[in-house]
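Here is entry-v2.cif, consisting of mmCIF, C-alpha atoms:
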data_entry
#
loop_
_atom_site.label_atom_id
_atom_site.label_comp_id
_atom_site.auth_asym_id
_atom_site.auth_seq_id
_atom_site.Cartn_x
_atom_site.Cartn_y
_atom_site.Cartn_z
CA MET F 13 11.44 -15.69 30.49
CA LEU F 14 11.20 -11.88 30.15
CA LYS F 15 12.68 -11.88 26.68
CA LYS F 16 10.92 -14.88 25.13
CA GLN F 17 8.07 -16.46 27.11
CA ILE F 18 6.24 -13.26 28.08
CA PRO F 19 6.25 -11.82 24.52
CA LEU F 20 5.03 -15.19 23.21
CA ALA F 21 2.27 -15.19 25.85
CA ILE F 22 1.29 -11.60 24.88
CA THR F 23 1.02 -12.63 21.21
CA PHE F 24 -1.00 -15.74 22.08
CA ILE F 25 -3.43 -14.01 24.47
CA THR F 26 -3.93 -10.98 22.19
CA GLY F 27 -4.46 -13.11 19.09
CA VAL F 28 -6.87 -15.56 20.75
CA ILE F 29 -8.93 -12.80 22.41
CA ILE F 30 -9.29 -10.90 19.12
CA VAL F 31 -10.31 -14.04 17.21
CA ILE F 32 -12.89 -14.87 19.92
CA THR F 33 -14.33 -11.34 19.88
CA PHE F 34 -15.17 -11.75 16.18
CA PHE F 35 -17.39 -14.73 16.94
CA ILE F 36 -19.00 -13.39 20.13
CA PRO F 37 -20.26 -9.87 19.35
CA HIS F 38 -21.95 -9.54 22.77
CA PRO F 39 -20.60 -7.64 25.80
CA PRO F 40 -17.92 -7.74 27.08
CA PHE F 41 -16.31 -9.34 23.97
CA GLY F 42 -17.81 -6.96 21.41
CA ARG F 43 -16.28 -4.01 23.25
CA LEU F 44 -12.95 -5.80 23.64
CA GLN F 45 -12.54 -5.90 19.88
CA GLN F 46 -12.95 -2.12 19.64
CA ASP F 47 -10.56 -1.60 22.56
CA ALA F 48 -7.98 -3.91 20.98
CA LEU F 49 -8.21 -1.89 17.77
CA THR F 50 -7.61 1.34 19.70
CA TRP F 51 -4.68 -0.18 21.58
CA TYR F 52 -3.26 -1.47 18.31
CA SER F 53 -3.45 1.96 16.67
CA VAL F 54 -1.87 3.64 19.73
CA ILE F 55 1.03 1.17 19.78
CA PHE F 56 1.34 1.41 16.00
CA GLY F 57 1.64 5.20 16.46
CA PHE F 58 4.74 4.67 18.61
CA THR F 59 6.32 2.41 15.98
CA MET F 60 5.58 5.10 13.38
CA LEU F 61 7.41 7.57 15.61
CA LEU F 62 10.37 5.18 15.72
CA GLY F 63 10.33 5.05 11.91
CA VAL F 64 10.31 8.85 11.61
CA ASP F 65 13.05 9.07 14.23
CA SER F 66 15.18 6.55 12.32
CA LEU F 67 14.90 8.55 9.08
CA VAL F 68 15.59 11.87 10.84
CA ARG F 69 18.68 10.36 12.54
CA PHE F 70 19.91 8.93 9.24
CA HIS F 71 19.85 12.37 7.63
CA TYR F 72 21.36 13.99 10.73
CA ARG F 73 24.29 11.54 10.51
CA LYS F 74 24.73 12.35 6.84
CA LEU F 75 24.80 16.07 7.62
CA ARG F 76 27.20 15.75 10.56
CA ARG F 77 29.69 13.62 8.62
CA ARG F 78 29.31 15.78 5.51
CA GLU F 79 28.74 12.61 3.45
CA LYS F 80 28.31 12.77 -0.33
CA GLY F 81 25.09 14.62 -1.16
CA TRP F 82 24.70 15.87 2.43
CA TRP F 83 22.89 19.01 1.35
CA PHE F 84 19.98 16.92 0.09
CA SER F 85 19.37 16.08 3.75
CA ILE F 86 18.69 19.78 4.33
CA ILE F 87 16.02 19.57 1.62
CA PHE F 88 14.57 16.55 3.41
CA TYR F 89 14.44 18.44 6.73
CA GLY F 90 12.99 21.48 4.96
CA GLY F 91 10.19 19.41 3.41
CA PHE F 92 9.49 17.60 6.66
CA LEU F 93 9.34 20.77 8.78
CA LEU F 94 7.35 22.66 6.14
CA SER F 95 4.73 19.94 6.03
CA PHE F 96 4.60 19.38 9.79
CA ILE F 97 4.56 23.06 10.79
CA THR F 98 1.88 23.99 8.24
CA GLY F 99 -0.16 21.05 9.56
CA VAL F 100 0.04 22.34 13.14
CA VAL F 101 -0.58 25.97 12.09
CA SER F 102 -3.59 24.92 9.99
CA GLU F 103 -5.03 22.96 12.91
CA VAL F 104 -4.69 26.01 15.20
CA ARG F 105 -6.06 28.44 12.61
CA PHE F 106 -8.91 26.43 11.09
CA GLY F 107 -9.55 23.90 13.86
CA ASP F 108 -8.85 21.17 11.30
CA ALA F 109 -5.54 20.62 9.51
CA PHE F 110 -7.41 19.01 6.60
CA ASN F 111 -9.60 22.03 5.94
CA ILE F 112 -9.59 22.62 2.18
CA ASN F 113 -8.56 26.30 2.67
CA SER F 114 -5.68 25.51 5.01
CA SER F 115 -2.05 26.03 3.97
CA PHE F 116 -1.40 22.37 4.82
CA MET F 117 -3.88 21.15 2.23
CA TYR F 118 -2.60 23.78 -0.19
CA PHE F 119 0.90 22.30 0.08
CA TYR F 120 -0.60 18.85 -0.23
CA ASN F 121 -2.53 19.69 -3.40
CA THR F 122 0.08 21.86 -5.11
CA ILE F 123 3.33 20.11 -4.21
CA LEU F 124 2.79 16.64 -2.79
CA ILE F 125 0.11 15.45 -5.25
CA PRO F 126 2.04 16.60 -8.39
CA LEU F 127 5.24 15.02 -7.02
CA GLN F 128 3.43 11.79 -6.21
CA SER F 129 1.66 11.46 -9.55
CA THR F 130 4.85 12.34 -11.47
CA MET F 131 6.75 9.65 -9.55
CA PHE F 132 4.12 7.10 -10.59
CA ALA F 133 3.95 8.47 -14.12
CA LEU F 134 7.73 8.04 -14.36
CA LEU F 135 7.08 4.32 -14.09
CA ALA F 136 5.30 4.47 -17.47
CA PHE F 137 8.71 4.70 -19.16
CA PHE F 138 10.23 1.86 -17.16
CA ILE F 139 7.17 -0.33 -17.60
CA ALA F 140 7.40 0.30 -21.36
CA SER F 141 10.96 -1.02 -21.44
CA ALA F 142 9.96 -3.94 -19.18
CA SER F 143 7.08 -4.81 -21.51
CA TYR F 144 9.49 -4.90 -24.46
CA ARG F 145 11.39 -7.67 -22.64
CA ALA F 146 8.31 -9.46 -21.25
CA PHE F 147 6.22 -9.38 -24.43
CA ARG F 148 8.61 -11.28 -26.68
CA ALA F 149 6.72 -14.35 -27.83
CA ARG F 150 9.44 -16.88 -27.02
CA ASN F 151 7.05 -19.72 -26.24
CA ILE F 152 3.32 -20.40 -26.15
CA ASP F 153 2.89 -19.12 -22.56
CA ALA F 154 4.64 -15.82 -23.36
CA THR F 155 2.42 -15.55 -26.44
CA PHE F 156 -0.71 -15.78 -24.26
CA LEU F 157 0.71 -13.00 -22.08
CA LEU F 158 1.54 -10.86 -25.11
CA VAL F 159 -1.83 -11.31 -26.81
CA THR F 160 -3.98 -10.50 -23.74
CA ALA F 161 -1.77 -7.53 -22.82
CA VAL F 162 -2.01 -6.08 -26.34
CA ILE F 163 -5.81 -6.58 -26.46
CA VAL F 164 -6.25 -4.94 -23.04
CA MET F 165 -4.00 -2.00 -23.98
CA LEU F 166 -5.71 -1.44 -27.32
CA GLY F 167 -9.17 -1.93 -25.87
CA ARG F 168 -8.72 0.93 -23.44
CA VAL F 169 -7.83 3.61 -26.00
CA PRO F 170 -9.95 5.13 -28.82
CA VAL F 171 -7.75 3.63 -31.53
CA GLY F 172 -8.81 0.17 -30.31
CA TYR F 173 -12.44 1.05 -30.95
CA MET F 174 -11.51 2.39 -34.37
CA LEU F 175 -9.74 -0.88 -35.26
CA TRP F 176 -12.66 -3.04 -34.16
CA HIS F 177 -15.68 -1.63 -32.40
CA LYS F 178 -16.06 -4.72 -30.17
CA LEU F 179 -12.49 -4.53 -28.82
CA PRO F 180 -13.49 -2.57 -25.66
CA ASN F 181 -16.12 -5.28 -24.93
CA LEU F 182 -13.52 -8.01 -25.43
CA THR F 183 -11.20 -6.14 -23.04
CA SER F 184 -13.94 -5.99 -20.41
CA TRP F 185 -14.60 -9.71 -20.88
CA ILE F 186 -10.89 -10.52 -20.48
CA LEU F 187 -10.69 -8.40 -17.31
CA ASN F 188 -13.94 -9.70 -15.81
CA VAL F 189 -13.75 -13.38 -16.76
CA LEU F 190 -10.30 -14.53 -17.94
CA GLN F 191 -8.46 -12.45 -15.37
CA LEU F 192 -10.93 -12.93 -12.53
CA GLY F 193 -10.61 -16.74 -12.33
CA PRO F 194 -6.83 -16.94 -11.80
CA MET F 195 -6.88 -13.84 -9.59
CA ARG F 196 -9.48 -15.50 -7.38
CA GLY F 197 -7.33 -18.62 -7.25
CA ILE F 198 -4.30 -16.55 -6.24
CA MET F 199 -6.36 -14.62 -3.68
CA ILE F 200 -7.66 -17.84 -2.09
CA GLY F 201 -4.11 -19.21 -1.98
CA ILE F 202 -2.77 -16.03 -0.36
CA ALA F 203 -5.65 -16.05 2.14
CA LEU F 204 -4.93 -19.66 3.15
CA GLY F 205 -1.26 -18.73 3.55
CA THR F 206 -2.18 -15.69 5.66
CA VAL F 207 -4.41 -17.75 7.94
CA ALA F 208 -1.73 -20.44 8.30
CA MET F 209 0.93 -17.84 9.11
CA SER F 210 -1.36 -16.06 11.59
CA LEU F 211 -2.02 -19.36 13.37
CA ARG F 212 1.71 -20.09 13.49
CA LEU F 213 2.31 -16.66 15.02
CA ILE F 214 -0.46 -16.97 17.61
CA LEU F 215 0.56 -20.50 18.60
CA GLY F 216 4.21 -19.47 18.93
CA ILE F 217 5.46 -21.81 16.18
CA GLU F 218 6.76 -18.83 14.20
CA ARG F 219 9.14 -16.88 16.46
CA THR F 220 11.54 -15.18 14.06
CA TYR F 221 10.02 -11.76 14.81
CA LEU F 222 11.37 -12.04 18.36
CA SER F 223 14.96 -12.86 17.39
CA MET C 19 0.23 30.10 -25.76
CA HIS C 20 -0.68 31.46 -22.35
CA ILE C 21 1.99 30.81 -19.71
CA SER C 22 0.68 30.57 -16.15
CA THR C 23 1.49 33.40 -13.73
CA ASN C 24 0.60 31.35 -10.65
CA PRO C 25 3.86 30.70 -8.71
CA TRP C 26 2.49 27.40 -7.33
CA VAL C 27 1.91 26.11 -10.86
CA TRP C 28 5.51 27.04 -11.66
CA ILE C 29 6.77 25.20 -8.57
CA ALA C 30 4.73 22.09 -9.46
CA ALA C 31 5.93 22.27 -13.09
CA ILE C 32 9.61 22.66 -12.13
CA LEU C 33 9.33 19.74 -9.69
CA THR C 34 7.62 17.63 -12.38
CA LEU C 35 10.46 18.35 -14.82
CA ALA C 36 13.03 17.66 -12.07
CA ILE C 37 11.56 14.18 -11.59
CA TYR C 38 11.40 13.50 -15.33
CA SER C 39 15.09 14.47 -15.58
CA PHE C 40 15.76 11.00 -14.07
CA LEU C 41 14.95 9.55 -17.50
CA TYR C 42 18.30 10.96 -18.66
CA LYS C 43 20.23 9.78 -15.60
CA ASP C 44 20.35 10.22 -11.81
CA ASN C 45 21.11 13.90 -11.26
CA PRO C 46 20.97 16.64 -8.56
CA PHE C 47 17.61 17.98 -9.81
CA TYR C 48 15.98 14.59 -9.40
CA LYS C 49 17.62 14.08 -6.01
CA PHE C 50 16.34 17.49 -4.90
CA ALA C 51 12.75 16.60 -5.87
CA GLU C 52 13.10 13.11 -4.40
CA HIS C 53 14.30 14.39 -0.98
CA LEU C 54 11.66 17.12 -0.92
CA PHE C 55 8.99 14.53 -1.72
CA MET C 56 10.28 12.26 1.03
CA GLY C 57 10.36 15.06 3.62
CA LEU C 58 6.89 16.32 2.70
CA SER C 59 5.44 12.80 2.75
CA ILE C 60 6.89 12.02 6.19
CA GLY C 61 5.64 15.37 7.53
CA TYR C 62 2.21 14.73 6.03
CA GLY C 63 2.16 11.22 7.53
CA ALA C 64 3.12 12.62 10.96
CA VAL C 65 0.30 15.19 10.83
CA VAL C 66 -2.21 12.53 9.74
CA LEU C 67 -1.07 10.23 12.56
CA TRP C 68 -1.26 13.04 15.11
CA TYR C 69 -4.66 14.48 14.19
CA ASN C 70 -6.42 11.32 12.97
CA SER C 71 -5.14 8.83 15.51
CA ILE C 72 -3.38 10.27 18.57
CA ILE C 73 -5.74 13.22 19.25
CA PRO C 74 -9.15 11.49 18.76
CA ARG C 75 -8.22 8.08 20.14
CA LEU C 76 -5.85 9.04 22.94
CA TRP C 77 -5.76 12.71 23.86
CA ASN C 78 -9.47 13.51 23.68
CA PRO C 79 -10.68 10.52 25.78
CA LEU C 80 -7.92 11.03 28.38
CA ALA C 81 -8.14 14.83 28.64
CA HIS C 82 -11.86 15.43 28.10
CA GLY C 83 -13.49 12.04 28.73
CA THR C 84 -15.51 11.21 31.83
CA SER C 85 -15.69 7.41 31.66
CA PRO C 86 -13.53 5.70 34.33
CA SER C 87 -12.49 3.11 31.70
CA ARG C 88 -10.59 5.85 29.84
CA PHE C 89 -7.60 5.19 32.11
CA TYR C 90 -7.20 1.78 30.43
CA LEU C 91 -5.68 3.80 27.58
CA LEU C 92 -2.61 4.29 29.76
CA ILE C 93 -1.80 0.59 29.18
CA PRO C 94 -1.17 0.85 25.40
CA ILE C 95 0.76 4.08 26.07
CA ALA C 96 2.97 2.20 28.54
CA ILE C 97 3.41 -0.68 26.09
CA GLY C 98 4.11 1.78 23.25
CA LEU C 99 6.71 3.63 25.34
CA LEU C 100 8.63 0.37 25.70
CA SER C 101 9.48 0.78 21.98
CA PHE C 102 11.96 3.48 22.99
CA GLY C 103 13.95 0.82 24.85
CA ILE C 104 15.63 0.28 21.49
CA PHE C 105 17.79 3.35 22.19
CA SER C 106 19.46 1.56 25.10
CA LYS C 107 21.70 -1.46 24.54
CA LYS C 108 20.73 -2.89 27.93
CA TYR C 109 16.96 -2.54 27.49
CA SER C 110 16.59 -2.95 23.73
CA TRP C 111 14.72 -6.25 24.31
CA LEU C 112 11.79 -4.24 25.73
CA ILE C 113 10.67 -3.52 22.16
CA LYS C 114 9.61 -7.18 21.99
CA TYR C 115 6.51 -6.37 24.10
CA PRO C 116 4.88 -3.83 21.76
CA LEU C 117 6.02 -5.98 18.84
CA ALA C 118 4.42 -9.08 20.39
CA PHE C 119 1.15 -7.19 20.96
CA SER C 120 1.13 -5.79 17.40
CA VAL C 121 1.90 -9.20 15.87
CA GLY C 122 -0.77 -10.91 18.01
CA ALA C 123 -3.37 -8.26 17.24
CA TYR C 124 -2.59 -8.28 13.51
CA ALA C 125 -2.73 -12.08 13.38
CA GLY C 126 -5.94 -12.12 15.42
CA PHE C 127 -7.64 -9.55 13.20
CA SER C 128 -6.44 -11.13 9.96
CA ILE C 129 -7.81 -14.67 10.58
CA PRO C 130 -11.58 -13.91 10.58
CA VAL C 131 -11.26 -11.03 8.10
CA THR C 132 -9.28 -13.15 5.63
CA PHE C 133 -11.69 -16.04 5.97
CA GLU C 134 -14.65 -13.79 5.37
CA ALA C 135 -13.36 -11.55 2.59
CA SER C 136 -10.84 -13.67 0.73
CA ILE C 137 -12.02 -17.24 1.17
CA PHE C 138 -15.80 -17.44 1.77
CA GLU C 139 -16.64 -14.46 -0.46
CA GLN C 140 -14.41 -15.66 -3.31
CA ILE C 141 -15.69 -19.23 -3.12
CA SER C 142 -19.29 -18.03 -2.99
CA GLY C 143 -18.63 -15.88 -6.06
CA THR C 144 -17.13 -18.84 -7.89
CA ILE C 145 -19.82 -21.45 -7.19
CA LEU C 146 -22.01 -21.82 -10.24
CA THR C 147 -25.65 -21.01 -9.50
CA LYS C 148 -28.73 -20.98 -11.69
CA GLN C 149 -28.55 -17.20 -12.07
CA MET C 150 -24.99 -17.52 -13.32
CA MET C 151 -26.24 -19.85 -16.06
CA ALA C 152 -29.16 -17.63 -17.13
CA THR C 153 -27.94 -17.14 -20.70
CA PRO C 154 -25.59 -19.32 -22.80
CA TRP C 155 -22.96 -16.56 -22.92
CA LEU C 156 -23.13 -16.03 -19.16
CA ALA C 157 -22.89 -19.78 -18.59
CA ILE C 158 -19.78 -20.09 -20.80
CA SER C 159 -18.14 -17.07 -19.13
CA ASN C 160 -18.81 -18.33 -15.62
CA LEU C 161 -17.71 -21.85 -16.53
CA ILE C 162 -14.41 -20.47 -17.87
CA MET C 163 -14.00 -18.44 -14.69
CA PHE C 164 -14.73 -21.53 -12.57
CA VAL C 165 -12.17 -23.61 -14.48
CA GLY C 166 -9.69 -20.72 -14.08
CA VAL C 167 -10.07 -20.72 -10.28
CA ILE C 168 -9.78 -24.52 -9.91
CA THR C 169 -6.83 -24.96 -12.27
CA THR C 170 -4.94 -22.01 -10.76
CA ILE C 171 -5.34 -23.45 -7.27
CA THR C 172 -4.11 -26.86 -8.46
CA TYR C 173 -1.05 -25.20 -10.02
CA PHE C 174 -0.14 -23.84 -6.57
CA TYR C 175 -0.69 -27.22 -4.91
CA PHE C 176 2.82 -28.54 -4.37
CA SER C 177 2.15 -31.44 -1.98
CA LYS C 178 1.88 -33.88 -4.89
CA HIS C 179 3.80 -34.25 -8.16
CA HIS C 180 2.09 -32.52 -11.05
CA LYS C 181 1.41 -35.72 -12.99
CA GLY C 182 -1.70 -37.23 -14.59
CA LEU C 183 -4.92 -35.28 -14.09
CA LEU C 184 -3.29 -32.93 -11.58
CA GLY C 185 -0.51 -32.24 -14.09
CA LYS C 186 -3.01 -31.44 -16.84
CA SER C 187 -4.97 -29.21 -14.49
CA ALA C 188 -1.80 -27.42 -13.37
CA ARG C 189 -0.76 -26.94 -17.01
CA THR C 190 -4.17 -25.38 -17.77
CA GLY C 191 -3.63 -23.24 -14.66
CA ILE C 192 -0.40 -21.89 -16.15
CA VAL C 193 -2.27 -20.87 -19.32
CA PHE C 194 -4.91 -19.07 -17.24
CA LEU C 195 -2.21 -17.41 -15.15
CA MET C 196 -0.42 -16.17 -18.27
CA LEU C 197 -3.66 -14.76 -19.65
CA ALA C 198 -4.37 -13.05 -16.31
CA PHE C 199 -0.84 -11.67 -15.95
CA GLY C 200 -0.98 -10.34 -19.50
CA ALA C 201 -4.28 -8.60 -18.77
CA SER C 202 -2.95 -7.19 -15.47
CA PHE C 203 0.24 -6.02 -17.16
CA GLY C 204 -1.67 -4.33 -19.98
CA TYR C 205 -4.01 -2.70 -17.48
CA THR C 206 -1.09 -1.42 -15.37
CA VAL C 207 0.70 -0.05 -18.44
CA MET C 208 -2.43 1.87 -19.42
CA ALA C 209 -2.90 3.18 -15.86
CA ARG C 210 0.66 4.53 -15.84
CA ILE C 211 0.22 5.98 -19.32
CA SER C 212 -2.93 7.82 -18.19
CA LEU C 213 -0.94 9.28 -15.27
CA LEU C 214 1.71 10.38 -17.76
CA ILE C 215 -0.98 11.97 -19.93
CA GLY C 216 -2.25 13.79 -16.81
CA ARG C 217 1.20 15.23 -16.11
CA MET C 218 1.68 16.21 -19.76
CA GLN C 219 -1.71 17.92 -19.70
CA PHE C 220 -0.61 19.82 -16.61
CA LEU C 221 2.64 20.94 -18.26
CA LEU C 222 1.16 21.83 -21.64
CA HIS C 223 -2.20 23.20 -20.46
CA ASP C 224 -1.94 24.51 -16.89
CA TRP C 225 1.67 25.69 -17.09
CA LEU C 226 2.51 26.60 -20.69
CA GLY C 227 -1.05 27.00 -22.01
CA ILE C 228 -0.10 25.40 -25.34
CA ILE C 229 -3.12 23.08 -25.49
CA LYS C 230 -6.70 23.94 -24.62
#

Show me the file's structure as C-alpha cells.
Amino acid sequence: MLKKQIPLAITFITGVIIVITFFIPHPPFGRLQQDALTWYSVIFGFTMLLGVDSLVRFHYRKLRRREKGWWFSIIFYGGFLLSFITGVVSEVRFGDAFNINSSFMYFYNTILIPLQSTMFALLAFFIASASYRAFRARNIDATFLLVTAVIVMLGRVPVGYMLWHKLPNLTSWILNVLQLGPMRGIMIGIALGTVAMSLRLILGIERTYLS
Amino acid sequence: MHISTNPWVWIAAILTLAIYSFLYKDNPFYKFAEHLFMGLSIGYGAVVLWYNSIIPRLWNPLAHGTSPSRFYLLIPIAIGLLSFGIFSKKYSWLIKYPLAFSVGAYAGFSIPVTFEASIFEQISGTILTKQMMATPWLAISNLIMFVGVITTITYFYFSKHHKGLLGKSARTGIVFLMLAFGASFGYTVMARISLLIGRMQFLLHDWLGIIK
C-alpha cells in the first residue's frame, strides 16, 4: 500500500489535476496550475541536490581509495567549489550573482564558455569521420542523404555561392521544404507517443518507474 | 603577431588546447580540462538552482511573504525531503513519493502542451490553404511538404504490413526521411565547423594575434 498504491494515487491525482487546470483557467484551477509548477520546481530542486550529492560522493570515493586518476577528482572539487563560492560571493557583493561585473560571470565567460564551445567544436572532427562513413553512396537512399548533405554544406559557405549563385537559395529550400515535411511527421509521431506514454503513466498502466 | 598579455585569455587558450589534445588520444591534459569543466558546470548549475529557483520560489515567499497560503510551500519541501530517504536502506522507498509527484506533474503538463505545440500547430501548418497556393512555386513547395508529412507518418505506422498503397507511401516516406536526415546532418556539420572556426579565431586572433 505505502510503497505502490499511494505513489500511484499521487501520480494519478497530480496528473489529472494538472490536465484539468489547462482546460479550466478560472479560479481555483488557474491558480492550481501555477502552484503545481512551483511545487514541481521545488521537488525537482531536491532531486538536483541528490544528483550533485551522487557526483560529489563518487569523486570522494575515488579520492579515498586512491583509484587510478584520483587527482583529477581534486580538479573536479576545485572547479565545483570555485564556481559555487564565487556565485555566493557575487550574490553578497553585487546583490545578484549574474551581474555582468561579478567574478561568477567572469569565470563563466572566460572559463566555462570557452570550455563548452571547445567541447562542442571537438565534435566537428568526429562528425567529419562519421560523415565519411555515412556519406558513401552504397544504395539509392544513401545517395539521397549524401546529395542533400553536400548541397546544404556547400550552400552555407561562400564557395557554394561562387560555384553557383543559387546554391544558398536551394539550401534554404531544402531546409524549409524538403526537411520540414519529414521533421513535422517525426514531431507528430513523437508527440502522439508522448501523449500515449503520459496517459499510461497517469492511469498507472506504466509502473516501471516505481520498481 | 601580437600575443595577448591577459592571463584569462591564456587560461582559456591553454584549456582549449588541452581539450583539442584529445584528438591525439585520451591524455592527462584532456582529463584535467574535462574534470575542471565538469566541476565548474555543476557549481554553476547549483548557483543557478539556488538563486533562480530556491530563493525566489521558496525562501522569499516563506521568509518575507504575508499571504497565509505561503505555508502550503512546506508541503513540496516535505515531499522533496523524502528524496533523502534513499540514504537509508530501510526507508529508501520514500523516494517513490517525490518521484510519483514529479512523474504525475510532468505527464500532466506534457499532455496539453504536446497537443497544442506538436500536434495541432504542426497539423495546422501542414494543411494546404489558399494562401499557401498563392503562386505556382509556393503551391509546389507546400504540396511537397504535405506529401513529406503524410508519407513519413505512414512509414512509422506499424499496425499494418507495408504493402500496396501503404507500402508505396512508406517507401516514399523513406526517401523523404533520407533527404531530411541528409539536410540535418549537413546543417549539423556546418554548425560544428563554425564553432571550430570560432575557437580557431580565438586562438589565432585573441591569443596569438596572428590574424586580424

(Q) Residues near range 160-167 of chain F, anyone? I mean within 10 Å using all atoms listed in the file, not counting same-chain ones fewer than 3 positions away, as a PyMOL selection string. (A) (chain F and resi 143+147+155-157+170-187+190-191) or (chain C and resi 196-209)

Q: Write out as a ChimeraX atom specification which residues come within 8 Å of Phe102 in chain C when counting all atoms listed in the file, dropping same-chain ones fewer than 5 positions away.
A: /F:62 /C:110,113

**Q.** Selection result of the PyMOL selection byres ((chain F and resi 123-129) around 9) on this file, as a list in words
**A.** Tyr118, Phe119, Tyr120, Asn121, Thr122, Thr130, Met131, Phe132, Ala133 and Leu134 of chain F; Trp26, Ile29, Ala30, Ala31, Leu33, Thr34, Ile37, Ala51, Glu52, Phe55, Leu58, Ser59, Leu213, Leu214, Gly216 and Arg217 of chain C

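Using all atoms listed in the file, the shortest contact distance between chain C and any of F:Phe41, F:Phe106, F:Tyr72, F:Phe92 is found at F:Phe92.
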
Q: On this file, the PyMOL selection byres ((chain C and resi 174) around 9) gives some set of residues; write that set as a count of residues only.
A: 12

Q: Rank C:Thr147, C:Asn45, C:Ser177, C:Thr132 by their smallest atom-to-atom distance to chain F, using all atoms listed in the file, and report the top residue only.
A: C:Thr132

Q: Rounded to one decimal place, report the CA of Leu211 in chain F-CA of Ala96 in chain C distance in Å.
A: 26.8 Å

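Checking F:Asp153, F:Asp47, F:Glu103, F:Glu218 one by one against Ile73 in chain C, counting all atoms listed in the file, you find the shortest gap at F:Glu103.
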
Q: Enumerate, as a ChimeraX atom specification, the residues matched when the PyMOL selection byres ((chain C and resi 117-122) around 8) is run on the file above.
A: /F:19-20,22-27,52,55-56,213-214,222 /C:113-116,123-126

Deliver the residues from the most recent selection as a file, using C-alpha atoms, as an mmCIF file, in the coordinates of the input.
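The resulting file, out26.cif, is shown below:
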data_model
loop_
_atom_site.group_PDB
_atom_site.id
_atom_site.type_symbol
_atom_site.label_atom_id
_atom_site.label_comp_id
_atom_site.auth_asym_id
_atom_site.auth_seq_id
_atom_site.Cartn_x
_atom_site.Cartn_y
_atom_site.Cartn_z
ATOM 1 C CA PRO F 19 6.250 -11.820 24.520
ATOM 2 C CA LEU F 20 5.030 -15.190 23.210
ATOM 3 C CA ILE F 22 1.290 -11.600 24.880
ATOM 4 C CA THR F 23 1.020 -12.630 21.210
ATOM 5 C CA PHE F 24 -1.000 -15.740 22.080
ATOM 6 C CA ILE F 25 -3.430 -14.010 24.470
ATOM 7 C CA THR F 26 -3.930 -10.980 22.190
ATOM 8 C CA GLY F 27 -4.460 -13.110 19.090
ATOM 9 C CA TYR F 52 -3.260 -1.470 18.310
ATOM 10 C CA ILE F 55 1.030 1.170 19.780
ATOM 11 C CA PHE F 56 1.340 1.410 16.000
ATOM 12 C CA LEU F 213 2.310 -16.660 15.020
ATOM 13 C CA ILE F 214 -0.460 -16.970 17.610
ATOM 14 C CA LEU F 222 11.370 -12.040 18.360
ATOM 15 C CA ILE C 113 10.670 -3.520 22.160
ATOM 16 C CA LYS C 114 9.610 -7.180 21.990
ATOM 17 C CA TYR C 115 6.510 -6.370 24.100
ATOM 18 C CA PRO C 116 4.880 -3.830 21.760
ATOM 19 C CA ALA C 123 -3.370 -8.260 17.240
ATOM 20 C CA TYR C 124 -2.590 -8.280 13.510
ATOM 21 C CA ALA C 125 -2.730 -12.080 13.380
ATOM 22 C CA GLY C 126 -5.940 -12.120 15.420
#
